[in-house]
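Below: the structure, in structure tokens.
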Amino acid sequence: MNLFVVCYRRFQHRRSWLVLALLLLLVVAAWQLSQFRVEESISAMLPDGESQVARDFQLLQRAPFARKLVMHLRAAPEIETAQLLTATDRLRDALPATLFSNLLSGPGKMTASPLFTQLGGYLPRLADADDLQAVAAQLTPEQIDRSLATAFAQLLQPQGVALKGKIRRDPLELERLALQKLRYLNPLPGVRLEQGHFLSHDGRSSLILADTPVLITDAVGGKALLDAFAVAQQQLPEGISAELVSGHPYTLANAEAIQGDMKLVLLVSGIGILLLFLFFLRSLRALFVYLLPLFSMLVALLVAATWFGTLSGITVGFGAVLLGITIDFGLHVYFALRYGSGEGGREQLLRAVSRPVLFGGLTTLAAFAVLLGSELPGQRQLAVFAMAGIVAALLLALLFLPHFIGDRKAAESLSRRRLRRHIYDRVPVLRMTVLLLWLAVVGFAAVQARHLTINGELRQLSYLPQSLQQAEQRLGESWGDMRSRALVFASAPDLESALQRNELVWQQLKEQGFQAEVVSLAPLFPSQRTQQQRLQVWEEFWQQRQATTRDLLQASGQKYGFSAAAFDPFWERLAQSPVPLDQALVESWGLGRLLDNLLLADGRGYQLLTLLPDRPELISALDAGLAKLPGVTLVSQSRFGRQLSDEIGADFSRFISSAGIAVLVLLLLLFRRLPEVLLALLPVLTGLLVMFGGMGRLGLEMNLFNVIASILIIGLGVDYGIFMVCHGQQEEDLASSRAILVSGLTTLVGFGALVLAKHPALHSIGLTVLLGISAAVPTAVLVIPAFRPKRR
């Protein structure tokens, strides 16, 4: 530790150099920070690595309605359906094309689409075994007679002339089997079509779907999007309202909450720490200690912004408060040099205090370094941010601060020092009282910690305004659960292989009886191999039945007055082999937008999506079977929450064990005796146990952000333990008890301010850190001396 003494001597008469260096740091940091951007969303706290949770999360983002803007129009009871549809068109036309693209309020007038005239001709390539069984049922004498009787009755109606061509082409209504496959393409469970518009089952709501170039994580663009929607809403008549449901309102709400929380937290914590300084330090020189976190934060922002380019607003907000712990280093140096006593003067005190300060900083660095291996970009950002700030704070506290503290205060009287140092020797019952209370608190916390649970639900990490939750609830009541479905991805390098794998998914869903609840392309768009197989089976089917069916159709036709050539178009179509059904043909039928949602392509290949209800029992029934299919992945939002909970638990165990090992190694290097190491660990172990017990008692759940809080308690708790154990070993009086008390109070004030935050992530961190630090500080100041008082 002589290095810091040598540096102190060298700069003792060159303080102006240090001031210039700090001013240069301010200028460079101000210039650099003006260039970087803060990302004000929760996305940085979501996985981006190669784990199963990260891959599932990326797939969930590809869900059809996760990428869509959904505009939900609702009409008052007195509003007619025609008025609602007119208002829907008016709102759609008022939306600016720069922000709202591919607007869709319904399928339009589908009667003009070639889909209904051409699809029946592709039945030979689409008919599966169930369809052939249904066709066979249509070919009995009784059924053929019934079909022609129905056709004859239709021809007698006023619209009979229009139906003549269809009846000649399909007297047995076989096209119906092809058209039925369209029902598996409806992603809106509560929809009906009215004049080419989407209408809810009760007729009181309509929908407009749209794409947008604005990213969901773009808060500025999201505000422009919502402002444009608000302007377009003015076109709606009285009695009709509209709501925009997408990720953008949540992003904007979170951004505004984070911005407001950052201002409030920094203001409250700044004022609170300043008041503590004025009360405990009572010196203008203490302002240099107060400024230490500011310079540390500038360095941290400079390093993190250079490293990552963009930073999460949560990282900046939490990190700014987090770096309030760096004030601890300055406080210990300040109290040691200002109020400490010992032989050798200031240089000896600096040498003595630099040892616990340096090792305390190293243990905190080690604790945060484990977050560099996190799957969450926000945690990695926080690790770099915190580590850079801690290194800066160490250097500032040990190299810069000693030059600006001022002269040491007059030594206290021997009687007062003895009274404070040996209070447990003077009042033995107090030692036992403290230890018994500590054991009681630890025991109670251990019992309550058993009730602690882990919650991996992503929505719990975001700020969710009541108005947005109500809007989603109203959308679900009118249209069903359109935005929260499980997804099955069938992936392959080429389209043909992807279609074949999608058919395997469909076959398994049919075998388990879930096809009625599924949205899939498989019935309408099979692979070329399957089309060819079905065409061959179709031709063999009719080779066996054509002659008999022709005779039956002729006989029944004569009965109802049909000519011998009436059904020649039917036999001509039957003799033809339709061309293969491909993507271009499906798009020409007006189903291009549906393909865009269920058929995804990128540079790596193709993915076909199957949508199904996200019910736990359904997911459990399908999971094992689908997992055996090559290239098939089942992703469920409900299961993702459970997976994320497991991942949090695994990460927590890994982080705690890694940080614990690193801290233990450093403590062994510092003290080299097991009793001192165990004493130094008392504050951190007590803090963690009380944090877990307090959360269990209050019904709080462990989430992604509590992992960060645990790392913070490890870093701070070990610092407190190191200082108190060193205080008991060293001959010099470094005023460590007072420094730990003030630093603990500053930490409680800094993180206490987070409890005022609206954002649940920041609020959760503040509350859990308060629990842990409230236990770690008394343990360091009272329990460690109770086990081993300072040597006389």
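Chain identifiers are assigned as A, B, and so on, following the order in which chains appear in the structure tokens; residues are numbered from 1 within each chain, and ligands are numbered from 1 in order of appearance.
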
- request: Just the residues within 6 Å of A:Met702, please, counting only C-alpha atoms, with nothing from its chain fewer than 2 positions along; format it as a ChimeraX atom specification.
  value: /A:454-455,706

query: Contacts of stretch 272-280 of chain A at 8 Å or less, counting only C-alpha atoms, minus same-chain residues fewer than 6 places along, as a PyMOL selection string?
result: chain A and resi 286+290+742+745-746+749-750

query: What lies within 9 Å of stretch 390-402 of chain A using only C-alpha atoms, ignoring chain neighbours under 2 positions off, as a ChimeraX atom specification?
result: /A:4-5,7-8,11,15,18-19,288-289,292-293,295-297,299-300,323,325-327,329-334,337,346,350,354,357-358,361-362,364-365,385-388,404-406

message: Give me the residues near A:Pro616 as number ranges by chain, where near means some atom within 12 Å (using only C-alpha atoms) and where sequence neighbours in that chain fewer than 5 positions away do not count.
response: A: 485-486, 621-623, 635-642

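Considering the residues A:Gly247, A:Gly360, A:Pro526, A:Pro171 and counting only C-alpha atoms, A:Phe562 has its shortest atom-to-atom contact with A:Pro171.
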
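Look at stretch 537-551 of chain A: the protein and nucleic acid residues within 8 Å of it, using only C-alpha atoms and passing over chain neighbours fewer than 4 places away, are Pro124, Arg125, Ala127, Leu132, Leu139, Gln533 and Ala555 of chain A.
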
Could those selected residues go to a file with all heavy atoms, as a PDB file, in the first residue's frame?
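File written: result-v8.pdb
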```
ATOM      1  N   PRO A 124     -58.083 -32.200 -55.627  1.00  0.00           N
ATOM      2  CA  PRO A 124     -57.254 -33.406 -55.804  1.00  0.00           C
ATOM      3  C   PRO A 124     -55.885 -33.308 -55.130  1.00  0.00           C
ATOM      4  O   PRO A 124     -55.324 -34.344 -54.737  1.00  0.00           O
ATOM      5  CB  PRO A 124     -57.110 -33.503 -57.328  1.00  0.00           C
ATOM      6  CG  PRO A 124     -58.323 -32.836 -57.868  1.00  0.00           C
ATOM      7  CD  PRO A 124     -58.585 -31.705 -56.922  1.00  0.00           C
ATOM      8  N   ARG A 125     -55.343 -32.102 -54.990  1.00  0.00           N
ATOM      9  CA  ARG A 125     -54.034 -31.936 -54.346  1.00  0.00           C
ATOM     10  C   ARG A 125     -54.147 -31.632 -52.844  1.00  0.00           C
ATOM     11  O   ARG A 125     -53.136 -31.622 -52.143  1.00  0.00           O
ATOM     12  CB  ARG A 125     -53.251 -30.814 -55.028  1.00  0.00           C
ATOM     13  CG  ARG A 125     -52.779 -31.183 -56.431  1.00  0.00           C
ATOM     14  CD  ARG A 125     -51.912 -30.090 -57.038  1.00  0.00           C
ATOM     15  NE  ARG A 125     -51.336 -30.516 -58.292  1.00  0.00           N
ATOM     16  CZ  ARG A 125     -50.179 -31.177 -58.428  1.00  0.00           C
ATOM     17  NH1 ARG A 125     -49.487 -31.479 -57.340  1.00  0.00           N
ATOM     18  NH2 ARG A 125     -49.730 -31.533 -59.617  1.00  0.00           N
ATOM     19  N   ALA A 127     -56.973 -32.967 -50.804  1.00  0.00           N
ATOM     20  CA  ALA A 127     -57.818 -33.924 -50.089  1.00  0.00           C
ATOM     21  C   ALA A 127     -56.965 -34.945 -49.337  1.00  0.00           C
ATOM     22  O   ALA A 127     -56.138 -35.643 -49.928  1.00  0.00           O
ATOM     23  CB  ALA A 127     -58.752 -34.634 -51.060  1.00  0.00           C
ATOM     24  N   LEU A 132     -61.382 -37.839 -48.417  1.00  0.00           N
ATOM     25  CA  LEU A 132     -61.797 -38.923 -49.320  1.00  0.00           C
ATOM     26  C   LEU A 132     -62.931 -39.738 -48.705  1.00  0.00           C
ATOM     27  O   LEU A 132     -63.835 -40.197 -49.411  1.00  0.00           O
ATOM     28  CB  LEU A 132     -60.600 -39.824 -49.633  1.00  0.00           C
ATOM     29  CG  LEU A 132     -59.503 -39.195 -50.502  1.00  0.00           C
ATOM     30  CD1 LEU A 132     -58.360 -40.172 -50.703  1.00  0.00           C
ATOM     31  CD2 LEU A 132     -60.064 -38.757 -51.845  1.00  0.00           C
ATOM     32  N   LEU A 139     -71.116 -40.189 -52.486  1.00  0.00           N
ATOM     33  CA  LEU A 139     -71.323 -40.949 -53.721  1.00  0.00           C
ATOM     34  C   LEU A 139     -72.323 -42.094 -53.588  1.00  0.00           C
ATOM     35  O   LEU A 139     -72.491 -42.887 -54.526  1.00  0.00           O
ATOM     36  CB  LEU A 139     -69.973 -41.511 -54.209  1.00  0.00           C
ATOM     37  CG  LEU A 139     -68.886 -40.473 -54.473  1.00  0.00           C
ATOM     38  CD1 LEU A 139     -67.634 -41.132 -55.022  1.00  0.00           C
ATOM     39  CD2 LEU A 139     -69.373 -39.394 -55.429  1.00  0.00           C
ATOM     40  N   GLN A 533     -48.619 -36.943 -53.819  1.00  0.00           N
ATOM     41  CA  GLN A 533     -49.152 -38.185 -53.250  1.00  0.00           C
ATOM     42  C   GLN A 533     -50.673 -38.153 -53.203  1.00  0.00           C
ATOM     43  O   GLN A 533     -51.340 -39.141 -53.550  1.00  0.00           O
ATOM     44  CB  GLN A 533     -48.581 -38.394 -51.850  1.00  0.00           C
ATOM     45  CG  GLN A 533     -47.095 -38.702 -51.815  1.00  0.00           C
ATOM     46  CD  GLN A 533     -46.535 -38.720 -50.400  1.00  0.00           C
ATOM     47  OE1 GLN A 533     -47.201 -38.287 -49.444  1.00  0.00           O
ATOM     48  NE2 GLN A 533     -45.308 -39.212 -50.245  1.00  0.00           N
ATOM     49  N   ALA A 555     -78.798 -41.049 -63.719  1.00  0.00           N
ATOM     50  CA  ALA A 555     -80.148 -41.498 -63.377  1.00  0.00           C
ATOM     51  C   ALA A 555     -80.877 -40.465 -62.526  1.00  0.00           C
ATOM     52  O   ALA A 555     -82.048 -40.129 -62.790  1.00  0.00           O
ATOM     53  CB  ALA A 555     -80.072 -42.839 -62.646  1.00  0.00           C
TER      54      ALA A 555
END
```

message: Would you compute the distance between atom CA of A:Leu298 and atom CA of A:Leu25? Give it in Å to one decimal.
response: 8.2 Å

query: Among stretch 416-542 of chain A, which residues carry a DSSP assignment of alpha helix (DSSP H), reported as a VMD selection string?
result: chain A and resid 416 to 421 423 to 426 428 to 449 466 to 479 495 to 511 528 to 542

task: Pick out each residue of stretch 82-260 of chain A that DSSP on the backbone tags as strand (DSSP E or B); I need them as a ChimeraX atom specification.
output: /A:101-104,191-194,197-200,205-211,240-245

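The space separating atom CA of A:Ala224 from atom CA of A:Leu199 comes to 28.2 Å.
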
Per residue of stretch 149-226 of chain A within 12 Å of stretch 581-601 of chain A, note the shortest atom pair and the distance in Å to one decimal, counting only C-alpha atoms, and order the rows by chain and increasing residue number, as CSV.
```
residue,atom,partner,partner_atom,distance
A:Leu182,CA,A:Leu591,CA,10.3
A:Tyr184,CA,A:Leu594,CA,11.5
A:Leu185,CA,A:Leu594,CA,7.8
A:Asn186,CA,A:Leu594,CA,9.0
A:Pro187,CA,A:Leu594,CA,9.0
A:Leu188,CA,A:Leu594,CA,11.7
A:Leu209,CA,A:Arg593,CA,10.8
A:Ala210,CA,A:Arg593,CA,10.7
A:Asp211,CA,A:Arg593,CA,11.0
```

- prompt: What is the atom CA of A:Glu347-atom CA of A:Arg10 distance in Å, reported with one decimal?
  reply: 12.2 Å

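The residue that comes closest to A:Ser269, out of A:Phe335, A:Phe444, A:Phe787, A:Phe751 and on the basis of only C-alpha atoms, is A:Phe751.
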
- prompt: Which residue gives the smallest distance to A:Asp602 among A:Leu495, A:Leu667, A:Val579, A:Ala367, with only C-alpha atoms counted?
  reply: A:Leu495

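The smallest atom-to-atom distance between A:Pro523 and any of A:Leu608, A:Gly378, A:Met724, A:Leu126, using only C-alpha atoms, is found for A:Leu126.
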